[in-house]
>>> print(open('work-v6.csv').read())   # CSV, C-alpha atoms
chain,number,residue,atom,x,y,z
A,28,MET,CA,17.4,-10.4,39.3
A,29,ASN,CA,15.9,-8.8,36.2
A,30,LEU,CA,14.1,-6.3,38.4
A,31,VAL,CA,17.4,-5.3,40.1
A,32,ILE,CA,19.2,-5.1,36.8
A,33,GLY,CA,16.4,-2.9,35.4
A,34,TYR,CA,16.7,-0.4,38.3
A,35,LEU,CA,20.5,-0.4,38.3
A,36,LEU,CA,20.7,0.5,34.6
A,37,GLY,CA,17.4,2.3,34.0
A,38,SER,CA,17.0,4.8,36.9
A,39,TRP,CA,19.2,7.6,35.5
A,40,GLY,CA,17.4,9.2,32.6
A,41,LEU,CA,16.1,12.2,34.6
A,42,VAL,CA,19.5,12.4,36.3
A,43,GLY,CA,20.9,13.0,32.9
A,44,VAL,CA,18.3,15.6,32.1
A,45,GLY,CA,19.2,17.4,35.4
A,46,CYS,CA,22.9,17.3,34.4
A,47,PHE,CA,22.0,18.9,31.1
A,48,PHE,CA,20.1,21.7,32.8
A,49,LEU,CA,23.1,22.3,35.1
A,50,LEU,CA,25.5,22.2,32.3
A,51,SER,CA,23.5,24.7,30.2
A,52,ALA,CA,23.1,27.0,33.2
A,53,HIS,CA,26.8,26.8,34.0
A,54,PHE,CA,27.7,28.2,30.6
A,55,LEU,CA,24.8,30.7,30.4
A,56,ILE,CA,25.1,32.3,33.8
A,57,GLY,CA,27.2,35.4,33.4
A,58,ARG,CA,27.2,35.2,29.6
A,59,SER,CA,27.6,38.5,27.9
A,60,LYS,CA,27.3,37.3,24.3
A,61,SER,CA,24.3,37.8,22.1
A,62,PHE,CA,21.1,36.0,22.9
A,63,GLY,CA,21.5,33.4,20.1
A,64,ILE,CA,17.9,32.9,18.9
A,65,LYS,CA,19.3,30.8,16.1
A,66,LYS,CA,20.1,28.2,18.7
A,67,ILE,CA,16.5,27.9,19.7
A,68,LEU,CA,15.4,27.8,16.0
A,69,ARG,CA,17.9,24.9,15.4
A,70,LEU,CA,16.5,23.1,18.4
A,71,ILE,CA,12.9,23.6,17.3
A,72,LEU,CA,13.6,22.3,13.8
A,73,GLN,CA,15.5,19.3,15.2
A,74,VAL,CA,12.6,18.3,17.4
A,75,ILE,CA,10.1,18.7,14.5
A,76,PHE,CA,12.4,16.6,12.2
A,77,TRP,CA,12.6,13.8,14.8
A,78,SER,CA,8.9,13.9,15.4
A,79,PHE,CA,8.2,13.3,11.7
A,80,ILE,CA,10.8,10.5,11.7
A,81,MET,CA,9.1,8.8,14.6
A,82,LEU,CA,5.7,9.3,13.2
A,83,ALA,CA,6.7,7.7,9.9
A,84,ILE,CA,8.4,4.7,11.7
A,85,SER,CA,5.5,4.1,14.1
A,86,ILE,CA,3.1,4.1,11.2
A,87,GLU,CA,5.3,1.8,9.1
A,88,PHE,CA,5.6,-0.7,12.0
A,89,ASP,CA,1.9,-0.3,12.9
A,90,VAL,CA,2.7,0.8,16.4
A,91,TYR,CA,1.4,4.4,16.2
A,92,PRO,CA,-1.2,4.7,19.1
A,93,GLY,CA,-3.4,7.0,17.0
A,94,GLY,CA,-4.0,4.4,14.3
A,95,SER,CA,-3.2,4.5,10.6
A,96,GLY,CA,-6.2,6.3,9.1
A,97,THR,CA,-5.9,9.6,7.3
A,98,VAL,CA,-7.4,11.7,10.1
A,99,ALA,CA,-5.1,10.0,12.6
A,100,ILE,CA,-2.1,10.8,10.4
A,101,LEU,CA,-3.1,14.4,10.0
A,102,LYS,CA,-3.4,14.7,13.8
A,103,GLY,CA,0.0,13.2,14.0
A,104,ILE,CA,1.5,15.8,11.6
A,105,ILE,CA,0.0,18.6,13.7
A,106,LYS,CA,1.4,17.0,16.8
A,107,ALA,CA,4.8,16.8,15.2
A,108,VAL,CA,4.8,20.4,14.2
A,109,ALA,CA,3.6,21.5,17.7
A,110,SER,CA,5.9,19.1,19.6
A,111,PRO,CA,8.6,21.6,20.7
A,112,PHE,CA,6.0,23.6,22.6
A,113,SER,CA,3.2,21.2,23.4
A,114,GLY,CA,5.1,19.4,26.2
A,115,ALA,CA,5.3,16.2,24.2
A,116,TYR,CA,9.0,16.3,25.0
A,117,TRP,CA,8.8,18.1,28.4
A,118,PHE,CA,12.5,18.7,28.6
A,119,ILE,CA,12.6,20.4,25.2
A,120,THR,CA,9.7,22.7,26.1
A,121,ALA,CA,11.3,23.5,29.5
A,122,TYR,CA,14.7,24.2,27.9
A,123,ILE,CA,13.2,26.6,25.3
A,124,PHE,CA,11.5,28.6,28.0
A,125,MET,CA,14.5,28.5,30.2
A,126,TYR,CA,16.7,29.8,27.4
A,127,ILE,CA,14.3,32.6,26.6
A,128,LEU,CA,14.3,33.6,30.2
A,129,TYR,CA,18.0,33.2,30.9
A,130,PRO,CA,19.0,36.9,30.3
A,131,PHE,CA,16.4,38.0,32.8
A,132,MET,CA,17.4,35.3,35.4
A,133,ASN,CA,21.1,36.4,35.0
A,134,TYR,CA,20.0,40.0,35.8
A,135,ILE,CA,18.2,38.8,38.9
A,136,ILE,CA,21.2,36.6,40.0
A,137,ASP,CA,23.5,39.6,39.7
A,138,LYS,CA,21.3,41.7,41.9
A,139,LEU,CA,20.9,39.1,44.7
A,140,SER,CA,23.0,39.3,47.8
A,141,ASP,CA,24.5,36.0,49.0
A,142,THR,CA,22.3,35.8,52.0
A,143,PHE,CA,19.1,36.6,50.1
A,144,TYR,CA,20.1,34.1,47.3
A,145,ARG,CA,20.6,31.4,49.9
A,146,LYS,CA,17.2,32.0,51.3
A,147,LEU,CA,15.7,31.9,47.8
A,148,ILE,CA,17.3,28.5,47.1
A,149,ILE,CA,16.0,27.1,50.4
A,150,ILE,CA,12.4,28.3,49.7
A,151,LEU,CA,12.5,27.0,46.1
A,152,THR,CA,13.8,23.7,47.3
A,153,ILE,CA,10.7,23.4,49.5
A,154,ILE,CA,8.3,24.7,47.0
A,155,VAL,CA,9.5,23.1,43.8
A,156,PRO,CA,11.1,19.7,44.4
A,157,LEU,CA,9.8,18.7,47.8
A,158,TYR,CA,6.2,19.9,47.4
A,159,ALA,CA,5.9,18.5,43.9
A,160,PHE,CA,7.6,15.3,45.1
A,161,TYR,CA,4.7,14.6,47.5
A,162,GLN,CA,1.8,16.3,45.7
A,163,ASN,CA,2.8,15.1,42.1
A,164,ILE,CA,2.3,18.6,40.8
A,165,SER,CA,4.5,19.6,37.9
A,166,SER,CA,5.1,21.9,35.0
A,167,ASP,CA,7.6,22.1,32.2
A,168,LEU,CA,9.3,25.3,33.4
A,169,ASP,CA,9.5,25.3,37.2
A,170,ILE,CA,12.2,22.6,37.4
A,171,ALA,CA,14.3,24.2,34.7
A,172,VAL,CA,14.2,27.5,36.5
A,173,TYR,CA,15.0,25.8,39.8
A,174,TYR,CA,18.1,24.1,38.3
A,175,TYR,CA,19.2,27.3,36.7
A,176,LEU,CA,19.0,29.3,39.9
A,177,LEU,CA,20.5,26.4,41.9
A,178,CYS,CA,23.5,26.3,39.5
A,179,GLY,CA,23.9,30.1,39.9
A,180,TYR,CA,24.1,29.8,43.6
A,181,LEU,CA,26.6,26.8,43.5
A,182,LYS,CA,28.7,28.7,40.9
A,183,ARG,CA,28.8,31.7,43.1
A,184,ASN,CA,30.1,29.5,45.9
A,185,PRO,CA,33.0,27.5,44.5
A,186,ASN,CA,34.4,24.6,46.5
A,187,ASN,CA,31.0,24.1,48.1
A,188,PHE,CA,29.9,20.9,49.9
A,189,PHE,CA,28.6,19.2,46.8
A,190,GLU,CA,31.8,19.9,44.9
A,191,ARG,CA,34.1,18.8,47.7
A,192,HIS,CA,32.2,15.5,48.3
A,193,ALA,CA,30.9,14.8,44.8
A,194,ASN,CA,32.0,11.2,44.6
A,195,SER,CA,30.7,10.2,48.0
A,196,ILE,CA,27.4,12.0,47.5
A,197,PHE,CA,26.9,10.4,44.0
A,198,TRP,CA,27.4,6.8,45.3
A,199,VAL,CA,25.3,7.2,48.4
A,200,SER,CA,22.5,8.9,46.5
A,201,SER,CA,22.6,6.3,43.7
A,202,LEU,CA,22.6,3.4,46.1
A,203,LEU,CA,19.7,4.7,48.1
A,204,THR,CA,17.7,5.4,45.0
A,205,VAL,CA,18.0,1.8,43.7
A,206,LEU,CA,17.4,0.2,47.2
A,207,LEU,CA,14.3,2.3,47.8
A,208,GLU,CA,12.9,1.5,44.3
A,209,ILE,CA,13.4,-2.2,44.9
A,210,MET,CA,11.8,-1.9,48.3
A,211,PHE,CA,8.8,-0.1,46.9
A,212,ASP,CA,8.4,-2.8,44.2
A,213,LEU,CA,8.7,-5.7,46.7
A,214,ILE,CA,6.2,-4.2,49.1
A,215,ASN,CA,3.7,-3.6,46.3
A,216,PRO,CA,4.5,-4.2,42.6
A,217,LEU,CA,1.8,-1.7,41.7
A,218,THR,CA,3.3,1.2,43.6
A,219,VAL,CA,4.1,3.0,40.4
A,220,PRO,CA,3.6,6.5,41.9
A,221,GLY,CA,6.1,5.8,44.7
A,222,ILE,CA,8.7,4.5,42.2
A,223,ARG,CA,8.2,7.4,39.8
A,224,ARG,CA,8.7,9.8,42.6
A,225,MET,CA,12.0,8.1,43.5
A,226,GLN,CA,13.4,8.7,40.1
A,227,GLY,CA,11.2,11.4,38.7
A,228,ARG,CA,12.2,14.9,37.7
A,229,TYR,CA,11.3,16.4,41.1
A,230,SER,CA,13.0,13.6,43.2
A,231,GLY,CA,15.4,14.9,45.7
A,232,PHE,CA,17.6,11.9,44.9
A,233,ALA,CA,17.6,12.7,41.2
A,234,ILE,CA,18.6,16.3,41.9
A,235,ILE,CA,21.3,15.5,44.3
A,236,THR,CA,22.7,12.7,42.0
A,237,ALA,CA,22.7,15.2,39.1
A,238,ILE,CA,24.6,17.8,41.0
A,239,SER,CA,27.2,15.4,42.3
A,240,LEU,CA,27.6,13.8,38.8
A,241,PHE,CA,28.0,17.3,37.3
A,242,TYR,CA,30.8,18.1,39.7
A,243,ILE,CA,32.5,14.7,39.2
A,244,PHE,CA,33.0,15.4,35.5
A,245,LYS,CA,33.7,19.1,36.0
A,246,ASN,CA,36.5,18.2,38.4
A,247,LEU,CA,38.0,15.7,35.9
A,248,LYS,CA,39.3,18.6,33.7
A,249,ILE,CA,38.7,16.7,30.5
A,250,LYS,CA,40.6,18.2,27.5
A,251,PRO,CA,38.6,19.2,24.4
A,252,SER,CA,37.9,16.1,22.3
A,253,THR,CA,36.7,15.9,18.7
A,254,LEU,CA,35.2,12.5,19.3
A,255,ILE,CA,33.3,13.6,22.4
A,256,ASN,CA,31.9,16.6,20.5
A,257,VAL,CA,30.8,14.5,17.5
A,258,VAL,CA,29.1,11.9,19.7
A,259,ALA,CA,27.5,14.6,21.9
A,260,LYS,CA,25.9,16.2,18.8
A,261,GLY,CA,23.8,13.1,18.4
A,262,THR,CA,22.7,12.5,21.9
A,263,LEU,CA,19.7,14.8,21.8
A,264,GLY,CA,18.4,12.8,18.9
A,265,VAL,CA,18.7,9.7,21.1
A,266,TYR,CA,16.5,11.4,23.8
A,267,LEU,CA,13.9,12.4,21.1
A,268,PHE,CA,14.1,8.9,19.7
A,269,HIS,CA,13.1,7.1,22.9
A,270,GLU,CA,10.6,9.7,24.4
A,271,SER,CA,8.6,10.2,21.2
A,272,VAL,CA,4.9,10.8,21.7
A,273,PHE,CA,4.4,8.5,18.7
A,274,TRP,CA,6.0,5.5,20.4
A,275,ASN,CA,4.2,5.4,23.7
A,276,GLU,CA,5.7,2.1,25.0
A,277,SER,CA,5.8,0.5,21.6
A,278,LEU,CA,9.5,0.9,21.1
A,279,TRP,CA,10.4,-1.2,24.1
A,280,ASN,CA,7.6,-3.6,24.4
A,281,LYS,CA,6.5,-4.2,20.7
A,282,LEU,CA,9.5,-3.6,18.6
A,283,LEU,CA,12.3,-4.8,21.0
A,284,ASN,CA,10.1,-7.2,23.1
A,285,LEU,CA,11.9,-6.3,26.3
A,286,ASP,CA,8.7,-6.9,28.3
A,287,VAL,CA,8.8,-10.6,27.2
A,288,TYR,CA,12.5,-10.9,28.0
A,289,PHE,CA,12.0,-9.2,31.4
A,290,LYS,CA,9.4,-11.8,32.5
A,291,ASN,CA,10.7,-15.0,30.9
A,292,SER,CA,14.4,-14.9,30.1
A,293,ALA,CA,17.7,-15.1,31.8
A,294,ASN,CA,19.2,-13.2,28.9
A,295,TYR,CA,17.4,-10.0,29.8
A,296,ILE,CA,20.5,-8.2,30.7
A,297,LEU,CA,22.1,-8.9,27.3
A,298,VAL,CA,19.0,-8.0,25.4
A,299,TYR,CA,18.7,-4.8,27.5
A,300,ILE,CA,22.2,-3.6,26.8
A,301,CYS,CA,22.1,-4.5,23.1
A,302,SER,CA,18.8,-2.6,22.8
A,303,VAL,CA,20.2,0.5,24.4
A,304,LEU,CA,23.3,0.4,22.2
A,305,LEU,CA,21.2,-0.2,19.1
A,306,ILE,CA,19.0,2.8,19.9
A,307,TYR,CA,22.0,5.0,20.7
A,308,PHE,CA,23.7,4.0,17.4
A,309,VAL,CA,20.7,4.4,15.2
A,310,GLY,CA,19.7,7.7,16.9
A,311,THR,CA,23.2,9.2,16.6
A,312,VAL,CA,23.6,8.2,13.0
A,313,ILE,CA,20.2,9.7,12.0
A,314,ASP,CA,21.0,12.9,13.8
A,315,LEU,CA,24.4,13.3,12.4
A,316,ILE,CA,22.9,12.8,8.9
A,317,ARG,CA,20.3,15.5,9.7
A,318,LEU,CA,23.0,17.8,11.0
A,319,ASN,CA,25.2,17.6,7.9
A,320,LEU,CA,22.6,17.2,5.1
A,321,LEU,CA,19.8,19.5,6.4
A,322,GLU,CA,20.8,21.8,9.2
A,323,LYS,CA,24.2,23.1,7.9
A,324,PRO,CA,22.9,23.8,4.4
A,325,LEU,CA,19.7,25.4,5.7
A,326,PHE,CA,21.5,27.7,8.1
A,327,SER,CA,24.1,28.7,5.5
A,328,ILE,CA,21.3,30.4,3.5
A,329,LYS,CA,21.2,34.1,4.1
A,330,LEU,CA,17.8,35.5,4.8
A,331,PRO,CA,18.1,39.3,5.4
A,332,LEU,CA,14.5,39.7,6.8
A,333,LEU,CA,15.0,36.8,9.2
A,334,GLU,CA,18.4,38.1,10.2
A,335,ARG,CA,16.9,41.5,11.0
A,336,MET,CA,14.2,39.9,13.1
A,337,PHE,CA,16.8,38.0,15.0
A,338,ASN,CA,19.0,41.0,15.6
A,339,LYS,CA,16.0,43.1,16.7
A,340,PHE,CA,14.9,40.5,19.2
A,341,ASP,CA,18.5,40.1,20.4
A,342,SER,CA,18.9,43.9,21.0
A,343,TYR,CA,15.5,43.9,22.8
A,344,ILE,CA,16.7,41.2,25.2
A,345,LYS,CA,20.0,42.9,25.9
A,346,SER,CA,18.5,46.4,26.4
A,347,GLU,CA,17.9,47.4,30.0
>>> encode(input="work-v6.csv", output="structure tokens")
Amino acid sequence: MNLVIGYLLGSWGLVGVGCFFLLSAHFLIGRSKSFGIKKILRLILQVIFWSFIMLAISIEFDVYPGGSGTVAILKGIIKAVASPFSGAYWFITAYIFMYILYPFMNYIIDKLSDTFYRKLIIILTIIVPLYAFYQNISSDLDIAVYYYLLCGYLKRNPNNFFERHANSIFWVSSLLTVLLEIMFDLINPLTVPGIRRMQGRYSGFAIITAISLFYIFKNLKIKPSTLINVVAKGTLGVYLFHESVFWNESLWNKLLNLDVYFKNSANYILVYICSVLLIYFVGTVIDLIRLNLLEKPLFSIKLPLLERMFNKFDSYIKSE
């Protein structure tokens, strides 16, 4: 039962990442505003901030996989500074590269005919998700570019199949995902590659579920909400909190002891949910503090030289 609960609640992390790629692409495609290099700078500083927070916590609780020696800590500091580009947080690295490339991808999308665009999506679906799904080949950028171009095609064709049948597709895809994961585990509990491919970033199920979930919420026509916006500002911190290179598996298995509860306790579901809510609350509070005490004051400072560099880069991107 704990296994089933684990899959029911824990299989959707990369679906959420896919939704975020789609959401970003939806607003960036056709965008005529300035490039917004400050957005990337904010993201880079946020990731570095969180990496230092996680390094400090992991050392304090003696769960840092690198050890507690001076050399290990210095290596950790270097990792923290390089984390936005090193692939330590693969989604962040992919998003930065996607954002830098989006003006060029928009130009390509505008030039493609519907027929040629459809052929491109078919080919990319074979090359990127399906080939990587079976061969376990991956990079940080290819799936981000795939989601971006896929969203461009779907946006060009409103009321498409996914949009019309979003609810049905979501439930069927989700159910098949969980059932196949459980089947893999029952056949062979050590079939980790098979399970990973079912819920990994290149999984066809994860991509289909992300598309359908994106359309479900898009079709809800939710009105602007201050509460949603405030909570949303802290969610990236939650992602960085749980996928930190400095945690490894220590967050779940050493600090929260979920591994012990999974194997030996009927209260696993309660501990699981409380742990998730605790991580979400702590991560959101820390990130909101960072936003108000560090980011806002920092970006309110006028630096003429930096502003000129930003403007020059922006004009270079927009020039044709």
>>> atom_distance(input="work-v6.csv", atom1="atom CA of A:Ile135", atom2="atom CA of A:Ser230")
26.1 Å
>>> atom_distance(input="work-v6.csv", atom1="atom CA of A:Phe289", atom2="atom CA of A:Tyr34")
12.1 Å
>>> residues_near_point(input="work-v6.csv", point="(14.6, 10.8, 19.4)", cutoff="12 Å", atoms="only C-alpha atoms", output="number ranges by chain")
A: 73-82, 84, 115-116, 119, 261-274, 278, 306-314
>>> residues_around(input="work-v6.csv", residues="A:Asn291", least_positions_apart="4", cutoff="12 Å", atoms="all atoms listed in the file", output="NGL selection string")
:A and (28-30 or 284-287 or 295-296)
>>> residues_around(input="work-v6.csv", residues="stretch 171-185 of chain A", least_positions_apart="5", cutoff="8 Å", atoms="only C-alpha atoms", output="PDB file with C-alpha atoms, keeping the file's coordinate frame")
ATOM      1  CA  GLY A  45      19.200  17.400  35.400  1.00  0.00           C
ATOM      2  CA  PHE A  48      20.100  21.700  32.800  1.00  0.00           C
ATOM      3  CA  LEU A  49      23.100  22.300  35.100  1.00  0.00           C
ATOM      4  CA  ALA A  52      23.100  27.000  33.200  1.00  0.00           C
ATOM      5  CA  HIS A  53      26.800  26.800  34.000  1.00  0.00           C
ATOM      6  CA  ILE A  56      25.100  32.300  33.800  1.00  0.00           C
ATOM      7  CA  ALA A 121      11.300  23.500  29.500  1.00  0.00           C
ATOM      8  CA  TYR A 122      14.700  24.200  27.900  1.00  0.00           C
ATOM      9  CA  MET A 125      14.500  28.500  30.200  1.00  0.00           C
ATOM     10  CA  MET A 132      17.400  35.300  35.400  1.00  0.00           C
ATOM     11  CA  ILE A 136      21.200  36.600  40.000  1.00  0.00           C
ATOM     12  CA  TYR A 144      20.100  34.100  47.300  1.00  0.00           C
ATOM     13  CA  ARG A 145      20.600  31.400  49.900  1.00  0.00           C
ATOM     14  CA  ILE A 148      17.300  28.500  47.100  1.00  0.00           C
ATOM     15  CA  LEU A 151      12.500  27.000  46.100  1.00  0.00           C
ATOM     16  CA  THR A 152      13.800  23.700  47.300  1.00  0.00           C
ATOM     17  CA  VAL A 155       9.500  23.100  43.800  1.00  0.00           C
ATOM     18  CA  GLU A 190      31.800  19.900  44.900  1.00  0.00           C
TER      19      GLU A 190
END
>>> closest_residue(input="work-v6.csv", among="A:Ile71, A:Leu35, A:Ile255, A:Ala99", to="A:Leu206", atoms="all atoms listed in the file")
A:Leu35
>>> residues_around(input="work-v6.csv", residues="stretch 233-242 of chain A", least_positions_apart="2", cutoff="8 Å", atoms="all atoms listed in the file", output="list in words")
Trp39, Leu41, Val42, Gly43, Gly45, Cys46, Leu49, Leu50, Phe189, Glu190, His192, Ala193, Asn194, Ile196, Phe197, Ser200, Ser201, Met225, Gln226, Gly227, Arg228, Tyr229, Ser230, Gly231, Phe244, Lys245 and Asn246 of chain A
>>> closest_residue(input="work-v6.csv", among="A:Leu36, A:Leu315, A:Ile64, A:Leu168", to="A:Asn256", atoms="only C-alpha atoms")
A:Leu315
>>> atom_distance(input="work-v6.csv", atom1="atom CA of A:Thr97", atom2="atom CA of A:Ser113")
21.8 Å
>>> closest_residue(input="work-v6.csv", among="A:Pro324, A:Lys250, A:Val298, A:Ala259", to="A:Trp279", atoms="only C-alpha atoms")
A:Val298
>>> closest_residue(input="work-v6.csv", among="A:Ser38, A:Asp141, A:Leu68, A:Val31", to="A:Leu333", atoms="all atoms listed in the file")
A:Leu68
>>> closest_residue(input="work-v6.csv", among="A:Phe112, A:Tyr129, A:Phe54, A:Phe124", to="A:Asp169", atoms="only C-alpha atoms")
A:Phe124
